[in-house]
$ cat final-v5.csv   # CSV, N, CA and C atoms
chain,number,residue,atom,x,y,z
A,1,MET,N,32.6,-6.8,33.6
A,1,MET,CA,32.2,-8.1,33.0
A,1,MET,C,30.9,-7.9,32.2
A,2,PRO,N,30.8,-8.3,31.0
A,2,PRO,CA,29.6,-8.2,30.2
A,2,PRO,C,28.5,-9.0,30.8
A,3,TYR,N,27.3,-8.6,30.6
A,3,TYR,CA,26.1,-9.3,31.1
A,3,TYR,C,25.2,-9.6,29.9
A,4,ILE,N,24.8,-10.9,29.8
A,4,ILE,CA,23.8,-11.3,28.8
A,4,ILE,C,22.6,-11.8,29.5
A,5,ASP,N,21.5,-11.2,29.2
A,5,ASP,CA,20.2,-11.7,29.7
A,5,ASP,C,19.8,-13.0,29.1
A,6,ILE,N,19.7,-14.0,30.0
A,6,ILE,CA,19.3,-15.4,29.5
A,6,ILE,C,17.9,-15.7,29.9
A,7,VAL,N,17.3,-16.7,29.3
A,7,VAL,CA,16.0,-17.2,29.7
A,7,VAL,C,16.3,-18.4,30.6
A,8,PRO,N,15.9,-18.3,31.9
A,8,PRO,CA,16.2,-19.4,32.8
A,8,PRO,C,15.4,-20.6,32.4
A,9,PRO,N,15.9,-21.8,32.7
A,9,PRO,CA,15.2,-23.0,32.3
A,9,PRO,C,13.7,-23.1,32.7
A,10,GLU,N,13.4,-22.6,33.9
A,10,GLU,CA,12.0,-22.7,34.4
A,10,GLU,C,11.1,-21.7,33.6
A,11,GLN,N,11.6,-20.8,32.9
A,11,GLN,CA,10.8,-19.9,32.1
A,11,GLN,C,10.8,-20.2,30.6
A,12,ALA,N,11.6,-21.2,30.2
A,12,ALA,CA,11.7,-21.6,28.8
A,12,ALA,C,10.4,-22.2,28.3
A,13,THR,N,10.0,-21.9,27.1
A,13,THR,CA,8.8,-22.5,26.5
A,13,THR,C,9.2,-22.9,25.1
A,14,GLY,N,8.3,-23.7,24.5
A,14,GLY,CA,8.4,-24.1,23.1
A,14,GLY,C,9.8,-24.6,22.7
A,15,LYS,N,10.3,-24.1,21.6
A,15,LYS,CA,11.6,-24.6,21.0
A,15,LYS,C,12.7,-24.5,22.0
A,16,LEU,N,12.8,-23.4,22.8
A,16,LEU,CA,13.9,-23.2,23.8
A,16,LEU,C,13.7,-24.3,24.8
A,17,ALA,N,12.5,-24.6,25.3
A,17,ALA,CA,12.4,-25.6,26.3
A,17,ALA,C,12.9,-27.0,25.8
A,18,ARG,N,12.5,-27.2,24.6
A,18,ARG,CA,13.0,-28.5,23.9
A,18,ARG,C,14.5,-28.5,23.8
A,19,GLN,N,15.1,-27.4,23.5
A,19,GLN,CA,16.6,-27.3,23.4
A,19,GLN,C,17.2,-27.5,24.8
A,20,TYR,N,16.7,-26.9,25.8
A,20,TYR,CA,17.2,-27.1,27.2
A,20,TYR,C,17.1,-28.6,27.6
A,21,GLU,N,15.9,-29.2,27.3
A,21,GLU,CA,15.7,-30.6,27.6
A,21,GLU,C,16.8,-31.5,26.9
A,22,ALA,N,17.0,-31.2,25.6
A,22,ALA,CA,18.0,-32.0,24.8
A,22,ALA,C,19.4,-31.8,25.4
A,23,SER,N,19.7,-30.6,25.9
A,23,SER,CA,21.0,-30.3,26.5
A,23,SER,C,21.2,-31.1,27.8
A,24,LEU,N,20.1,-31.1,28.6
A,24,LEU,CA,20.1,-31.9,29.8
A,24,LEU,C,20.3,-33.4,29.5
A,25,LYS,N,19.7,-33.9,28.5
A,25,LYS,CA,19.9,-35.3,28.1
A,25,LYS,C,21.3,-35.6,27.7
A,26,ARG,N,21.8,-34.7,26.9
A,26,ARG,CA,23.2,-34.9,26.3
A,26,ARG,C,24.3,-34.7,27.4
A,27,ASP,N,24.2,-33.7,28.2
A,27,ASP,CA,25.3,-33.3,29.1
A,27,ASP,C,24.9,-33.3,30.6
A,28,ARG,N,23.7,-33.7,30.9
A,28,ARG,CA,23.2,-33.6,32.3
A,28,ARG,C,23.3,-32.2,32.9
A,29,ARG,N,23.4,-31.2,32.0
A,29,ARG,CA,23.4,-29.8,32.4
A,29,ARG,C,23.0,-29.0,31.2
A,30,ILE,N,22.7,-27.7,31.4
A,30,ILE,CA,22.5,-26.8,30.3
A,30,ILE,C,23.7,-25.9,30.2
A,31,ALA,N,24.5,-26.2,29.2
A,31,ALA,CA,25.8,-25.5,29.0
A,31,ALA,C,25.6,-24.0,28.9
A,32,GLY,N,26.6,-23.3,29.3
A,32,GLY,CA,26.6,-21.8,29.2
A,32,GLY,C,26.3,-21.3,27.8
A,33,ILE,N,26.9,-21.9,26.8
A,33,ILE,CA,26.7,-21.4,25.5
A,33,ILE,C,25.2,-21.6,25.0
A,34,ILE,N,24.6,-22.6,25.5
A,34,ILE,CA,23.1,-22.8,25.2
A,34,ILE,C,22.3,-21.7,25.9
A,35,GLN,N,22.6,-21.4,27.1
A,35,GLN,CA,21.9,-20.4,27.9
A,35,GLN,C,22.1,-19.0,27.3
A,36,VAL,N,23.3,-18.7,26.8
A,36,VAL,CA,23.7,-17.4,26.2
A,36,VAL,C,22.9,-17.2,25.0
A,37,MET,N,22.6,-18.3,24.2
A,37,MET,CA,21.8,-18.2,23.0
A,37,MET,C,20.3,-18.3,23.2
A,38,SER,N,19.9,-18.3,24.4
A,38,SER,CA,18.5,-18.5,24.7
A,38,SER,C,17.5,-17.5,24.2
A,39,GLN,N,18.0,-16.3,24.0
A,39,GLN,CA,17.2,-15.2,23.5
A,39,GLN,C,16.8,-15.4,22.0
A,40,ASN,N,17.5,-16.3,21.3
A,40,ASN,CA,17.2,-16.6,19.9
A,40,ASN,C,17.3,-18.1,19.6
A,41,PRO,N,16.2,-18.8,19.9
A,41,PRO,CA,16.3,-20.3,19.7
A,41,PRO,C,16.6,-20.7,18.3
A,42,ASP,N,16.1,-19.9,17.3
A,42,ASP,CA,16.4,-20.2,15.9
A,42,ASP,C,17.9,-20.2,15.6
A,43,ALA,N,18.6,-19.2,16.1
A,43,ALA,CA,20.1,-19.1,16.0
A,43,ALA,C,20.7,-20.2,16.7
A,44,LEU,N,20.2,-20.6,17.9
A,44,LEU,CA,20.7,-21.7,18.7
A,44,LEU,C,20.6,-23.0,17.9
A,45,ASP,N,19.5,-23.2,17.2
A,45,ASP,CA,19.4,-24.4,16.3
A,45,ASP,C,20.4,-24.4,15.3
A,46,ASP,N,20.6,-23.2,14.6
A,46,ASP,CA,21.7,-23.1,13.6
A,46,ASP,C,23.1,-23.4,14.1
A,47,LEU,N,23.4,-22.9,15.3
A,47,LEU,CA,24.7,-23.1,15.9
A,47,LEU,C,24.9,-24.6,16.2
A,48,LEU,N,23.8,-25.3,16.8
A,48,LEU,CA,23.9,-26.7,17.1
A,48,LEU,C,24.1,-27.5,15.8
A,49,ARG,N,23.4,-27.2,14.8
A,49,ARG,CA,23.5,-27.9,13.5
A,49,ARG,C,24.9,-27.7,12.9
A,50,LEU,N,25.4,-26.5,13.0
A,50,LEU,CA,26.8,-26.3,12.5
A,50,LEU,C,27.8,-27.1,13.3
A,51,TYR,N,27.6,-27.1,14.7
A,51,TYR,CA,28.5,-27.9,15.5
A,51,TYR,C,28.5,-29.4,15.1
A,52,GLY,N,27.2,-29.9,14.9
A,52,GLY,CA,27.1,-31.3,14.6
A,52,GLY,C,27.8,-31.6,13.3
A,53,THR,N,27.7,-30.7,12.3
A,53,THR,CA,28.4,-30.9,11.0
A,53,THR,C,29.9,-30.9,11.2
A,54,VAL,N,30.4,-29.9,11.9
A,54,VAL,CA,31.8,-29.8,12.1
A,54,VAL,C,32.4,-31.0,12.9
A,55,ALA,N,31.6,-31.4,13.9
A,55,ALA,CA,32.2,-32.4,14.8
A,55,ALA,C,31.9,-33.8,14.2
A,56,TYR,N,30.9,-34.1,13.5
A,56,TYR,CA,30.5,-35.4,13.2
A,56,TYR,C,30.4,-35.8,11.7
A,57,ALA,N,30.4,-34.8,10.8
A,57,ALA,CA,30.2,-35.1,9.4
A,57,ALA,C,31.5,-35.7,8.9
A,58,PRO,N,31.5,-36.4,7.7
A,58,PRO,CA,32.7,-36.9,7.2
A,58,PRO,C,33.7,-35.8,6.9
A,59,SER,N,35.0,-36.2,7.2
A,59,SER,CA,36.1,-35.2,7.1
A,59,SER,C,37.4,-35.9,7.0
A,60,GLY,N,38.4,-35.2,6.6
A,60,GLY,CA,39.8,-35.7,6.5
A,60,GLY,C,40.4,-35.8,7.9
A,61,LEU,N,39.8,-35.3,8.9
A,61,LEU,CA,40.3,-35.4,10.3
A,61,LEU,C,39.5,-36.4,11.1
A,62,THR,N,40.1,-37.1,12.0
A,62,THR,CA,39.4,-38.0,12.8
A,62,THR,C,38.7,-37.2,13.9
A,63,ARG,N,37.8,-37.8,14.6
A,63,ARG,CA,37.0,-37.1,15.7
A,63,ARG,C,38.0,-36.6,16.7
A,64,ALA,N,39.0,-37.4,17.1
A,64,ALA,CA,40.0,-37.0,18.1
A,64,ALA,C,40.8,-35.8,17.6
A,65,GLU,N,41.1,-35.8,16.3
A,65,GLU,CA,41.9,-34.6,15.8
A,65,GLU,C,41.0,-33.4,15.8
A,66,ARG,N,39.7,-33.5,15.5
A,66,ARG,CA,38.8,-32.3,15.6
A,66,ARG,C,38.7,-31.8,17.0
A,67,GLU,N,38.6,-32.7,17.9
A,67,GLU,CA,38.6,-32.3,19.4
A,67,GLU,C,39.9,-31.6,19.8
A,68,MET,N,41.0,-32.1,19.3
A,68,MET,CA,42.3,-31.5,19.6
A,68,MET,C,42.4,-30.1,19.1
A,69,VAL,N,41.9,-29.9,17.8
A,69,VAL,CA,41.9,-28.6,17.2
A,69,VAL,C,41.0,-27.6,18.1
A,70,ALA,N,39.9,-28.1,18.5
A,70,ALA,CA,38.9,-27.3,19.3
A,70,ALA,C,39.6,-26.9,20.6
A,71,VAL,N,40.3,-27.8,21.2
A,71,VAL,CA,40.9,-27.5,22.5
A,71,VAL,C,42.0,-26.5,22.3
A,72,VAL,N,42.9,-26.7,21.3
A,72,VAL,CA,44.0,-25.7,21.1
A,72,VAL,C,43.4,-24.3,20.7
A,73,VAL,N,42.4,-24.2,19.9
A,73,VAL,CA,41.9,-22.9,19.5
A,73,VAL,C,41.2,-22.3,20.8
A,74,SER,N,40.5,-23.1,21.6
A,74,SER,CA,39.9,-22.5,22.8
A,74,SER,C,40.9,-22.0,23.7
A,75,ARG,N,42.0,-22.7,23.9
A,75,ARG,CA,43.1,-22.3,24.8
A,75,ARG,C,43.7,-21.0,24.3
A,76,ALA,N,44.0,-21.0,23.0
A,76,ALA,CA,44.6,-19.8,22.4
A,76,ALA,C,43.7,-18.6,22.5
A,77,ASN,N,42.4,-18.8,22.5
A,77,ASN,CA,41.4,-17.7,22.7
A,77,ASN,C,41.0,-17.4,24.1
A,78,GLY,N,41.6,-18.2,25.1
A,78,GLY,CA,41.3,-18.0,26.5
A,78,GLY,C,39.9,-18.4,26.9
A,79,CYS,N,39.4,-19.4,26.1
A,79,CYS,CA,38.0,-19.9,26.4
A,79,CYS,C,38.1,-21.2,27.2
A,80,ARG,N,37.2,-21.3,28.1
A,80,ARG,CA,37.2,-22.5,28.9
A,80,ARG,C,36.5,-23.7,28.2
A,81,TYR,N,35.8,-23.4,27.1
A,81,TYR,CA,35.1,-24.5,26.4
A,81,TYR,C,36.1,-25.3,25.6

$ encode --input "final-v5.csv" --output "structure tokens"
Amino acid sequence: MPYIDIVPPEQATGKLARQYEASLKRDRRIAGIIQVMSQNPDALDDLLRLYGTVAYAPSGLTRAEREMVAVVVSRANGCRY
């Protein structure tokens, strides 16, 4: 199994600490994808901004349809998210 070195929440500072706090507020936990990206907070910001655009920006798909696509793609890829 691959291993990715993460920055634990108690060691996070600056931008990463703020990202962890935001994750806790949003989901009451720090999601695995957030922790995996902890070595590069700038890339994490970009990822979260992209997700926000894909999930919430105006689109021809409803929010429910977007979620359905995400679930189907995750399942096809063997991803738990």

$ residues_around --input "final-v5.csv" --residues "stretch 44-49 of chain A" --least-positions-apart "4" --cutoff "9 Å" --atoms "only C-alpha atoms" --output "PyMOL selection string"
chain A and resi 16+19+34+37-40+53-54

$ closest_residue --input "final-v5.csv" --among "A:Val69, A:Ile4, A:Ala55, A:Ala76" --to "A:Ile33" --atoms "only C-alpha atoms"
A:Ile4

$ atom_distance --input "final-v5.csv" --atom1 "atom CA of A:Glu65" --atom2 "atom C of A:Gly52"
14.6 Å

$ atom_distance --input "final-v5.csv" --atom1 "atom CA of A:Met68" --atom2 "atom CA of A:Leu50"
17.8 Å

$ atom_distance --input "final-v5.csv" --atom1 "atom N of A:Leu24" --atom2 "atom CA of A:Val36"
14.4 Å

$ select_by_dssp --input "final-v5.csv" --residues "chain A" --states "helix (DSSP H, G or I)" --output "VMD selection string"
chain A and resid 9 to 11 14 to 27 32 to 36 41 to 56 63 to 76

$ decode --input "final-v5.csv" --residues "chain A" --atoms "C-alpha atoms" --output "mmCIF file, in the first residue's frame"
data_model
loop_
_atom_site.group_PDB
_atom_site.id
_atom_site.type_symbol
_atom_site.label_atom_id
_atom_site.label_comp_id
_atom_site.auth_asym_id
_atom_site.auth_seq_id
_atom_site.Cartn_x
_atom_site.Cartn_y
_atom_site.Cartn_z
ATOM 1 C CA MET A 1 0.000 0.000 0.000
ATOM 2 C CA PRO A 2 1.391 3.443 -0.898
ATOM 3 C CA TYR A 3 2.257 5.796 1.906
ATOM 4 C CA ILE A 4 1.922 9.560 1.701
ATOM 5 C CA ASP A 5 3.493 11.657 4.431
ATOM 6 C CA ILE A 6 0.867 14.058 5.771
ATOM 7 C CA VAL A 7 1.075 17.028 8.099
ATOM 8 C CA PRO A 8 -0.947 16.096 11.212
ATOM 9 C CA PRO A 9 -3.502 18.703 12.336
ATOM 10 C CA GLU A 10 -1.573 19.466 15.527
ATOM 11 C CA GLN A 11 1.501 20.373 13.440
ATOM 12 C CA ALA A 12 -0.287 22.446 10.812
ATOM 13 C CA THR A 13 0.531 26.151 10.669
ATOM 14 C CA GLY A 14 -0.449 29.115 8.522
ATOM 15 C CA LYS A 15 -2.498 28.393 5.424
ATOM 16 C CA LEU A 16 -2.688 24.654 6.110
ATOM 17 C CA ALA A 17 -3.978 25.235 9.648
ATOM 18 C CA ARG A 18 -6.691 27.487 8.208
ATOM 19 C CA GLN A 19 -7.579 24.846 5.610
ATOM 20 C CA TYR A 20 -7.839 22.185 8.322
ATOM 21 C CA GLU A 21 -10.058 24.483 10.415
ATOM 22 C CA ALA A 22 -12.310 25.129 7.417
ATOM 23 C CA SER A 23 -12.554 21.389 6.777
ATOM 24 C CA LEU A 24 -13.567 20.799 10.396
ATOM 25 C CA LYS A 25 -16.242 23.494 10.151
ATOM 26 C CA ARG A 26 -17.570 22.095 6.859
ATOM 27 C CA ASP A 27 -17.497 18.377 7.600
ATOM 28 C CA ARG A 28 -16.716 18.051 11.335
ATOM 29 C CA ARG A 29 -13.593 16.150 10.271
ATOM 30 C CA ILE A 30 -10.518 16.605 8.137
ATOM 31 C CA ALA A 31 -11.159 14.531 5.041
ATOM 32 C CA GLY A 32 -8.457 12.208 3.760
ATOM 33 C CA ILE A 33 -8.068 14.156 0.509
ATOM 34 C CA ILE A 34 -7.358 17.311 2.524
ATOM 35 C CA GLN A 35 -4.686 15.537 4.577
ATOM 36 C CA VAL A 36 -3.109 13.935 1.514
ATOM 37 C CA MET A 37 -2.681 17.394 0.002
ATOM 38 C CA SER A 38 -1.228 18.828 3.231
ATOM 39 C CA GLN A 39 2.324 18.941 1.891
ATOM 40 C CA ASN A 40 1.258 21.583 -0.647
ATOM 41 C CA PRO A 41 -1.348 24.012 0.748
ATOM 42 C CA ASP A 42 -1.281 26.097 -2.448
ATOM 43 C CA ALA A 43 -2.251 23.057 -4.547
ATOM 44 C CA LEU A 44 -4.916 22.235 -1.951
ATOM 45 C CA ASP A 45 -6.358 25.740 -2.386
ATOM 46 C CA ASP A 46 -6.453 25.194 -6.145
ATOM 47 C CA LEU A 47 -8.144 21.810 -5.724
ATOM 48 C CA LEU A 48 -10.792 23.221 -3.386
ATOM 49 C CA ARG A 49 -11.434 26.149 -5.734
ATOM 50 C CA LEU A 50 -11.818 23.739 -8.678
ATOM 51 C CA TYR A 51 -14.215 21.571 -6.670
ATOM 52 C CA GLY A 52 -16.248 24.635 -5.715
ATOM 53 C CA THR A 53 -16.517 25.652 -9.350
ATOM 54 C CA VAL A 54 -17.466 22.180 -10.570
ATOM 55 C CA ALA A 55 -19.946 21.584 -7.757
ATOM 56 C CA TYR A 56 -21.566 24.989 -7.341
ATOM 57 C CA ALA A 57 -21.043 27.233 -10.392
ATOM 58 C CA PRO A 58 -23.827 27.672 -12.949
ATOM 59 C CA SER A 59 -24.153 24.605 -15.163
ATOM 60 C CA GLY A 60 -26.530 22.701 -17.389
ATOM 61 C CA LEU A 61 -26.642 20.036 -14.667
ATOM 62 C CA THR A 62 -28.475 20.300 -11.376
ATOM 63 C CA ARG A 63 -26.565 19.892 -8.122
ATOM 64 C CA ALA A 64 -28.129 16.433 -7.707
ATOM 65 C CA GLU A 65 -27.048 15.404 -11.213
ATOM 66 C CA ARG A 66 -23.483 16.550 -10.516
ATOM 67 C CA GLU A 67 -23.409 14.516 -7.316
ATOM 68 C CA MET A 68 -24.750 11.499 -9.186
ATOM 69 C CA VAL A 69 -21.994 11.804 -11.793
ATOM 70 C CA ALA A 70 -19.403 12.060 -9.006
ATOM 71 C CA VAL A 71 -20.743 8.934 -7.301
ATOM 72 C CA VAL A 72 -20.822 6.907 -10.528
ATOM 73 C CA VAL A 73 -17.295 7.964 -11.511
ATOM 74 C CA SER A 74 -15.977 7.264 -8.009
ATOM 75 C CA ARG A 75 -17.574 3.825 -8.034
ATOM 76 C CA ALA A 76 -16.173 3.046 -11.483
ATOM 77 C CA ASN A 77 -12.720 4.084 -10.236
ATOM 78 C CA GLY A 78 -13.013 2.042 -7.033
ATOM 79 C CA CYS A 79 -12.858 5.221 -4.926
ATOM 80 C CA ARG A 80 -14.701 5.513 -1.608
ATOM 81 C CA TYR A 81 -15.265 9.238 -2.050
#
